[in-house]
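**Q** What follows is the file work-v5.pdb, containing PDB, C-alpha atoms, pLDDT in the B column:
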MODEL        1
ATOM      1  CA  MET B 167      76.471 129.034 190.494  1.00 47.00           C
ATOM      2  CA  LYS B 168      76.236 128.959 186.637  1.00 50.00           C
ATOM      3  CA  VAL B 169      79.291 127.850 184.677  1.00 48.00           C
ATOM      4  CA  SER B 170      80.283 130.369 182.043  1.00 55.00           C
ATOM      5  CA  SER B 171      79.802 129.117 178.487  1.00 56.00           C
ATOM      6  CA  LEU B 172      82.601 131.332 177.098  1.00 55.00           C
ATOM      7  CA  PRO B 173      85.373 128.722 177.399  1.00 57.00           C
ATOM      8  CA  LEU B 174      83.230 126.155 175.578  1.00 53.00           C
ATOM      9  CA  ILE B 175      82.454 128.544 172.742  1.00 56.00           C
ATOM     10  CA  ALA B 176      86.142 129.464 172.433  1.00 53.00           C
ATOM     11  CA  ALA B 177      87.101 125.812 172.339  1.00 52.00           C
ATOM     12  CA  GLY B 178      84.518 125.155 169.640  1.00 54.00           C
ATOM     13  CA  LEU B 179      85.762 128.069 167.522  1.00 52.00           C
ATOM     14  CA  LEU B 180      89.316 126.815 167.897  1.00 50.00           C
ATOM     15  CA  LEU B 181      88.336 123.384 166.638  1.00 51.00           C
ATOM     16  CA  VAL B 182      86.482 124.860 163.644  1.00 50.00           C
ATOM     17  CA  LEU B 183      89.405 127.124 162.773  1.00 50.00           C
ATOM     18  CA  SER B 184      91.808 124.237 163.191  1.00 54.00           C
ATOM     19  CA  GLY B 185      89.667 122.098 160.878  1.00 54.00           C
ATOM     20  CA  CYS B 186      89.597 124.842 158.224  1.00 51.00           C
ATOM     21  CA  ALA B 187      93.370 125.253 158.426  1.00 54.00           C
ATOM     22  CA  THR B 188      93.894 121.509 158.083  1.00 71.00           C
ATOM     23  CA  LYS B 189      91.523 121.318 155.082  1.00 65.00           C
ATOM     24  CA  GLY B 190      93.281 124.240 153.424  1.00 69.00           C
ATOM     25  CA  TYR B 191      96.659 122.625 153.975  1.00 66.00           C
ATOM     26  CA  VAL B 192      95.435 119.355 152.505  1.00 63.00           C
ATOM     27  CA  ASN B 193      94.041 121.175 149.475  1.00 70.00           C
ATOM     28  CA  GLU B 194      97.350 122.974 148.956  1.00 73.00           C
ATOM     29  CA  GLN B 195      99.237 119.713 149.161  1.00 70.00           C
ATOM     30  CA  ASN B 196      96.806 118.066 146.731  1.00 72.00           C
ATOM     31  CA  ASP B 197      97.205 120.949 144.255  1.00 76.00           C
ATOM     32  CA  ALA B 198     100.995 120.786 144.520  1.00 76.00           C
ATOM     33  CA  LEU B 199     100.962 117.020 144.023  1.00 76.00           C
ATOM     34  CA  THR B 200      98.585 117.303 141.043  1.00 81.00           C
ATOM     35  CA  THR B 201     100.863 119.915 139.461  1.00 83.00           C
ATOM     36  CA  ARG B 202     103.903 117.680 139.944  1.00 83.00           C
ATOM     37  CA  VAL B 203     102.117 114.626 138.541  1.00 78.00           C
ATOM     38  CA  ASN B 204     100.867 116.588 135.517  1.00 80.00           C
ATOM     39  CA  GLY B 205     104.365 117.901 134.916  1.00 80.00           C
ATOM     40  CA  ASP B 206     105.815 114.392 135.143  1.00 78.00           C
ATOM     41  CA  LEU B 207     103.161 113.104 132.748  1.00 80.00           C
ATOM     42  CA  MET B 208     103.903 115.878 130.253  1.00 83.00           C
ATOM     43  CA  ARG B 209     107.637 115.148 130.394  1.00 85.00           C
ATOM     44  CA  LEU B 210     106.962 111.445 129.977  1.00 78.00           C
ATOM     45  CA  ASP B 211     104.673 112.146 127.009  1.00 78.00           C
ATOM     46  CA  THR B 212     107.389 114.282 125.405  1.00 85.00           C
ATOM     47  CA  ARG B 213     109.959 111.522 125.878  1.00 82.00           C
ATOM     48  CA  LEU B 214     107.558 108.933 124.440  1.00 79.00           C
ATOM     49  CA  ASN B 215     106.912 111.130 121.394  1.00 83.00           C
ATOM     50  CA  SER B 216     110.655 111.532 120.930  1.00 80.00           C
ATOM     51  CA  LEU B 217     111.101 107.771 121.223  1.00 78.00           C
ATOM     52  CA  ASP B 218     108.304 107.186 118.695  1.00 79.00           C
ATOM     53  CA  GLY B 219     110.080 109.542 116.306  1.00 79.00           C
ATOM     54  CA  ARG B 220     113.357 107.660 116.717  1.00 81.00           C
ATOM     55  CA  VAL B 221     111.636 104.308 116.183  1.00 81.00           C
ATOM     56  CA  ALA B 222     109.928 105.613 113.035  1.00 81.00           C
ATOM     57  CA  LYS B 223     113.256 106.939 111.720  1.00 81.00           C
ATOM     58  CA  ALA B 224     114.971 103.639 112.465  1.00 78.00           C
ATOM     59  CA  GLU B 225     112.207 101.758 110.662  1.00 79.00           C
ATOM     60  CA  GLY B 226     112.564 104.125 107.704  1.00 78.00           C
ATOM     61  CA  ASP B 227     116.332 103.620 107.659  1.00 77.00           C
ATOM     62  CA  LEU B 228     115.882  99.850 107.750  1.00 75.00           C
ATOM     63  CA  ALA B 229     113.358  99.985 104.917  1.00 76.00           C
ATOM     64  CA  GLY B 230     115.727 102.149 102.891  1.00 73.00           C
ATOM     65  CA  ALA B 231     118.613  99.772 103.548  1.00 70.00           C
ATOM     66  CA  ALA B 232     116.453  96.804 102.560  1.00 72.00           C
ATOM     67  CA  LYS B 233     115.460  98.559  99.327  1.00 69.00           C
ATOM     68  CA  LEU B 234     119.080  99.375  98.517  1.00 66.00           C
ATOM     69  CA  GLY B 235     120.054  95.792  99.266  1.00 69.00           C
ATOM     70  CA  GLN B 236     117.323  94.455  96.990  1.00 68.00           C
ATOM     71  CA  GLU B 237     118.354  96.839  94.219  1.00 62.00           C
ATOM     72  CA  ALA B 238     121.969  95.733  94.567  1.00 63.00           C
ATOM     73  CA  LEU B 239     120.881  92.090  94.418  1.00 64.00           C
ATOM     74  CA  ASP B 240     118.753  92.751  91.340  1.00 60.00           C
ATOM     75  CA  ARG B 241     121.692  94.463  89.629  1.00 61.00           C
ATOM     76  CA  ALA B 242     124.015  91.606  90.536  1.00 57.00           C
ATOM     77  CA  ASN B 243     121.546  89.104  89.106  1.00 57.00           C
ATOM     78  CA  ALA B 244     121.175  91.221  85.991  1.00 57.00           C
ATOM     79  CA  ALA B 245     124.961  91.391  85.591  1.00 57.00           C
ATOM     80  CA  HIS B 246     125.142  87.620  86.025  1.00 53.00           C
ATOM     81  CA  ARG B 247     122.498  87.097  83.355  1.00 54.00           C
ATOM     82  CA  LEU B 248     124.325  89.507  81.048  1.00 54.00           C
ATOM     83  CA  ALA B 249     127.626  87.685  81.542  1.00 51.00           C
ATOM     84  CA  GLU B 250     125.980  84.333  80.808  1.00 59.00           C
ATOM     85  CA  GLY B 251     123.659  85.456  78.051  1.00 68.00           C
ATOM     86  CA  LYS B 252     124.049  85.407  74.295  1.00 88.00           C
ATOM     87  CA  LEU B 253     122.989  88.549  72.463  1.00 90.00           C
ATOM     88  CA  LEU B 254     119.964  87.859  70.291  1.00 90.00           C
ATOM     89  CA  TYR B 255     119.410  91.391  69.058  1.00 90.00           C
ATOM     90  CA  GLU B 256     119.616  95.026  70.064  1.00 91.00           C
ATOM     91  CA  VAL B 257     116.916  97.681  69.952  1.00 87.00           C
ATOM     92  CA  THR B 258     117.764 101.372  70.180  1.00 85.00           C
ATOM     93  CA  LEU B 259     115.032 103.831  71.015  1.00 81.00           C
ATOM     94  CA  THR B 260     116.301 107.187  69.832  1.00 75.00           C
ATOM     95  CA  ASP B 261     115.058 110.565  70.894  1.00 67.00           C
ATOM     96  CA  ASP B 262     113.056 110.763  67.656  1.00 65.00           C
ATOM     97  CA  GLN B 263     110.999 107.777  68.772  1.00 64.00           C
ATOM     98  CA  TYR B 264     111.068 108.310  72.471  1.00 65.00           C
ATOM     99  CA  LYS B 265     110.873 112.083  72.710  1.00 61.00           C
ATOM    100  CA  PHE B 266     112.933 112.394  75.836  1.00 66.00           C
ATOM    101  CA  GLY B 267     113.089 116.112  76.537  1.00 62.00           C
ATOM    102  CA  THR B 268     116.119 117.771  78.047  1.00 65.00           C
ATOM    103  CA  ASN B 269     116.500 116.811  81.734  1.00 67.00           C
ATOM    104  CA  THR B 270     113.415 114.562  81.693  1.00 67.00           C
ATOM    105  CA  ALA B 271     112.644 110.856  81.732  1.00 69.00           C
ATOM    106  CA  THR B 272     109.089 111.362  80.463  1.00 67.00           C
ATOM    107  CA  MET B 273     108.121 109.445  77.353  1.00 71.00           C
ATOM    108  CA  GLY B 274     106.119 110.753  74.424  1.00 67.00           C
ATOM    109  CA  GLU B 275     103.184 108.897  72.860  1.00 72.00           C
ATOM    110  CA  PRO B 276     105.185 107.311  69.979  1.00 71.00           C
ATOM    111  CA  ALA B 277     107.336 105.505  72.520  1.00 76.00           C
ATOM    112  CA  PHE B 278     104.462 103.417  73.859  1.00 80.00           C
ATOM    113  CA  ALA B 279     103.590 102.141  70.387  1.00 82.00           C
ATOM    114  CA  ALA B 280     107.218 101.119  69.787  1.00 83.00           C
ATOM    115  CA  LEU B 281     107.416  99.428  73.182  1.00 89.00           C
ATOM    116  CA  GLU B 282     104.129  97.632  72.621  1.00 90.00           C
ATOM    117  CA  GLN B 283     105.489  96.115  69.396  1.00 90.00           C
ATOM    118  CA  LEU B 284     108.670  95.083  71.195  1.00 90.00           C
ATOM    119  CA  ALA B 285     106.724  93.580  74.115  1.00 93.00           C
ATOM    120  CA  ASN B 286     104.568  91.511  71.742  1.00 93.00           C
ATOM    121  CA  LYS B 287     107.685  90.217  70.013  1.00 92.00           C
ATOM    122  CA  LEU B 288     109.323  89.355  73.325  1.00 91.00           C
ATOM    123  CA  LYS B 289     106.239  87.499  74.534  1.00 91.00           C
ATOM    124  CA  THR B 290     105.877  85.421  71.379  1.00 91.00           C
ATOM    125  CA  GLU B 291     109.416  84.922  70.041  1.00 89.00           C
ATOM    126  CA  ASN B 292     111.658  85.405  73.070  1.00 86.00           C
ATOM    127  CA  LYS B 293     109.640  84.100  76.004  1.00 82.00           C
ATOM    128  CA  ASN B 294     112.673  83.348  78.166  1.00 86.00           C
ATOM    129  CA  ALA B 295     114.919  86.165  77.024  1.00 92.00           C
ATOM    130  CA  PHE B 296     116.523  88.631  79.432  1.00 95.00           C
ATOM    131  CA  ILE B 297     116.504  92.326  78.538  1.00 95.00           C
ATOM    132  CA  GLU B 298     119.193  94.728  79.671  1.00 96.00           C
ATOM    133  CA  ILE B 299     117.872  98.276  79.421  1.00 95.00           C
ATOM    134  CA  GLN B 300     120.580 100.924  79.084  1.00 95.00           C
ATOM    135  CA  GLY B 301     119.922 104.618  79.676  1.00 93.00           C
ATOM    136  CA  HIS B 302     122.028 107.245  77.884  1.00 92.00           C
ATOM    137  CA  THR B 303     122.104 111.046  77.937  1.00 90.00           C
ATOM    138  CA  ASP B 304     123.731 113.815  75.952  1.00 89.00           C
ATOM    139  CA  ALA B 305     126.935 115.432  77.189  1.00 89.00           C
ATOM    140  CA  ARG B 306     125.385 118.514  78.739  1.00 88.00           C
ATOM    141  CA  GLY B 307     125.295 118.814  82.508  1.00 85.00           C
ATOM    142  CA  ASP B 308     127.088 117.198  85.414  1.00 89.00           C
ATOM    143  CA  LYS B 309     128.279 113.593  84.965  1.00 91.00           C
ATOM    144  CA  ALA B 310     126.712 112.391  88.212  1.00 93.00           C
ATOM    145  CA  TYR B 311     123.393 113.990  87.284  1.00 93.00           C
ATOM    146  CA  ASN B 312     123.538 112.458  83.800  1.00 92.00           C
ATOM    147  CA  LYS B 313     124.131 109.040  85.369  1.00 94.00           C
ATOM    148  CA  GLN B 314     120.962 109.457  87.448  1.00 93.00           C
ATOM    149  CA  LEU B 315     118.998 110.795  84.475  1.00 91.00           C
ATOM    150  CA  GLY B 316     120.064 107.855  82.300  1.00 92.00           C
ATOM    151  CA  LEU B 317     118.909 105.447  85.002  1.00 94.00           C
ATOM    152  CA  ARG B 318     115.549 107.204  85.281  1.00 91.00           C
ATOM    153  CA  ARG B 319     115.084 106.832  81.518  1.00 89.00           C
ATOM    154  CA  ALA B 320     116.007 103.141  81.608  1.00 93.00           C
ATOM    155  CA  GLU B 321     113.613 102.580  84.500  1.00 94.00           C
ATOM    156  CA  ALA B 322     110.838 104.406  82.644  1.00 91.00           C
ATOM    157  CA  VAL B 323     111.259 101.919  79.767  1.00 92.00           C
ATOM    158  CA  ARG B 324     111.348  98.981  82.196  1.00 94.00           C
ATOM    159  CA  ASP B 325     108.160 100.152  83.908  1.00 93.00           C
ATOM    160  CA  ALA B 326     106.422 100.588  80.557  1.00 92.00           C
ATOM    161  CA  LEU B 327     107.435  97.076  79.436  1.00 95.00           C
ATOM    162  CA  TYR B 328     106.268  95.686  82.768  1.00 95.00           C
ATOM    163  CA  GLY B 329     102.909  97.343  82.181  1.00 94.00           C
ATOM    164  CA  LEU B 330     102.842  95.612  78.795  1.00 94.00           C
ATOM    165  CA  GLY B 331     103.299  92.180  80.368  1.00 95.00           C
ATOM    166  CA  ILE B 332     107.076  91.640  80.557  1.00 95.00           C
ATOM    167  CA  PRO B 333     108.001  90.214  84.006  1.00 94.00           C
ATOM    168  CA  LEU B 334     110.371  92.312  86.120  1.00 94.00           C
ATOM    169  CA  HIS B 335     112.754  89.389  86.707  1.00 93.00           C
ATOM    170  CA  ARG B 336     113.445  89.323  82.983  1.00 94.00           C
ATOM    171  CA  MET B 337     114.689  92.917  82.913  1.00 95.00           C
ATOM    172  CA  GLY B 338     117.646  94.813  84.323  1.00 95.00           C
ATOM    173  CA  THR B 339     118.460  98.523  84.100  1.00 96.00           C
ATOM    174  CA  ILE B 340     121.793 100.298  83.900  1.00 95.00           C
ATOM    175  CA  SER B 341     122.842 103.864  83.150  1.00 95.00           C
ATOM    176  CA  TYR B 342     125.879 104.970  81.204  1.00 95.00           C
ATOM    177  CA  GLY B 343     124.960 108.632  81.453  1.00 93.00           C
ATOM    178  CA  SER B 344     126.925 110.573  78.859  1.00 92.00           C
ATOM    179  CA  SER B 345     129.924 108.212  78.856  1.00 93.00           C
ATOM    180  CA  LEU B 346     128.966 106.239  75.704  1.00 92.00           C
ATOM    181  CA  PRO B 347     127.699 108.716  73.104  1.00 92.00           C
ATOM    182  CA  ALA B 348     126.192 107.325  69.918  1.00 91.00           C
ATOM    183  CA  VAL B 349     127.735 110.195  67.953  1.00 90.00           C
ATOM    184  CA  LYS B 350     130.428 112.740  68.696  1.00 88.00           C
ATOM    185  CA  GLY B 351     129.652 116.413  69.062  1.00 81.00           C
ATOM    186  CA  LYS B 352     127.472 118.692  71.138  1.00 80.00           C
ATOM    187  CA  GLY B 353     125.067 120.183  68.629  1.00 86.00           C
ATOM    188  CA  ARG B 354     121.298 119.792  68.695  1.00 86.00           C
ATOM    189  CA  ASP B 355     121.284 116.781  66.350  1.00 86.00           C
ATOM    190  CA  ALA B 356     124.084 115.027  68.246  1.00 87.00           C
ATOM    191  CA  ASN B 357     122.366 115.645  71.574  1.00 86.00           C
ATOM    192  CA  ALA B 358     119.081 114.236  70.235  1.00 84.00           C
ATOM    193  CA  GLN B 359     120.808 111.050  69.033  1.00 86.00           C
ATOM    194  CA  ASN B 360     122.679 110.608  72.293  1.00 88.00           C
ATOM    195  CA  ARG B 361     119.484 110.855  74.358  1.00 87.00           C
ATOM    196  CA  ARG B 362     118.467 107.257  73.893  1.00 88.00           C
ATOM    197  CA  VAL B 363     117.616 103.935  75.496  1.00 91.00           C
ATOM    198  CA  VAL B 364     119.252 100.741  74.244  1.00 93.00           C
ATOM    199  CA  LEU B 365     117.735  97.317  74.892  1.00 93.00           C
ATOM    200  CA  LEU B 366     119.918  94.214  74.660  1.00 94.00           C
ATOM    201  CA  VAL B 367     117.840  91.059  74.271  1.00 94.00           C
ATOM    202  CA  LEU B 368     119.805  88.071  75.577  1.00 94.00           C
ATOM    203  CA  SER B 369     119.066  84.376  75.449  1.00 87.00           C
TER     204      SER B 369
ENDMDL
END
Reformat the file's structure so that it appears as structure tokens.
**A**
Amino acid sequence: MKVSSLPLIAAGLLLVLSGCATKGYVNEQNDALTTRVNGDLMRLDTRLNSLDGRVAKAEGDLAGAAKLGQEALDRANAAHRLAEGKLLYEVTLTDDQYKFGTNTATMGEPAFAALEQLANKLKTENKNAFIEIQGHTDARGDKAYNKQLGLRRAEAVRDALYGLGIPLHRMGTISYGSSLPAVKGKGRDANAQNRRVVLLVLS
């Protein structure tokens, strides 16, 4: 009597179907796991970028604080030199020479010639002198702004003298803004005279 092959075929089909179902399940689990891992990686990347941004900001803040500290130290040293020093002579660069326009710290061409003469004198006659560079403005505008503008003008003179060979440690800048006018009044002529830079050469 022949044994029917139907049960064997059915069993084989069941195994195949079972294998397909298991493979599909594994694939689904792999896809779900991959999605979760990718999501975790993206969140981690976002947090790392945020952390990098905070580190960069902190480094910038530290650099800014260091710069402010150095500027304060330079000003303190300059004040110390001024307190100790004896005035040799004073040079005033008026607006006629310097051509400071309204609200600017940009120098005109005549200024460089005047500064070059001064630099040559300092290098030959006053080799160890200290120069305090004072920035002044006219009375127009806000006092705080004028203080900043006067400092920018003083620093422009300092930078020009440095380019002409005067060491930075021999110079200090300060701004008086509009608080110490050379002449009274608010007309065009008075404003032009008050826009000036004064250099005190100290022994």
**Q** Nearest to Gly316 in chain B among B:Lys350, B:Arg361, B:His302, B:Lys287, with distances taken over all atoms listed in the file: which residue is it?
**A** B:His302
**Q** Can you work out which one of B:Val257, B:Ala232, B:Gly301, B:Glu291 has the shortest atom-to-atom distance to Val323 in chain B, counting all atoms listed in the file?
**A** B:Gly301
**Q** Do you know which residues are at most 8 Å from Leu368 in chain B counting all atoms listed in the file, after dropping those on the same chain fewer than 6 positions away, and could you put them as a PyMOL selection string?
**A** chain B and resi 248+251-255+295-298
**Q** Pull out every residue that the PyMOL selection byres ((chain B and resi 271-286) around 12) matches in the shown coordinates and put them as a PyMOL selection string.
**A** chain B and resi 255-270+287-293+295+297+301-303+312+314-333+336-337+361-367
**Q** By how many Å are CA of Thr339 in chain B and CA of Asn360 in chain B apart?
**A**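 Computing it gives 17.4 Å between the two atoms.
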**Q** Applied to this file, what does the PyMOL selection byres ((chain B and resi 305) around 7) return in terms of residues, put as number ranges by chain?
**A** B: 303-304, 306-307, 344, 352
**Q** Rounded to one decimal in Å, what is the spacing between CA of Ala356 in chain B and CA of Lys309 in chain B?
**A**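 Going from CA of Ala356 in chain B over to CA of Lys309 in chain B, I get 17.3 Å.
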**Q** How far is it from CA of Lys313 in chain B to CA of Leu346 in chain B, in Å with one decimal?
**A**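 Between CA of Lys313 in chain B and CA of Leu346 in chain B the gap works out to 11.2 Å.
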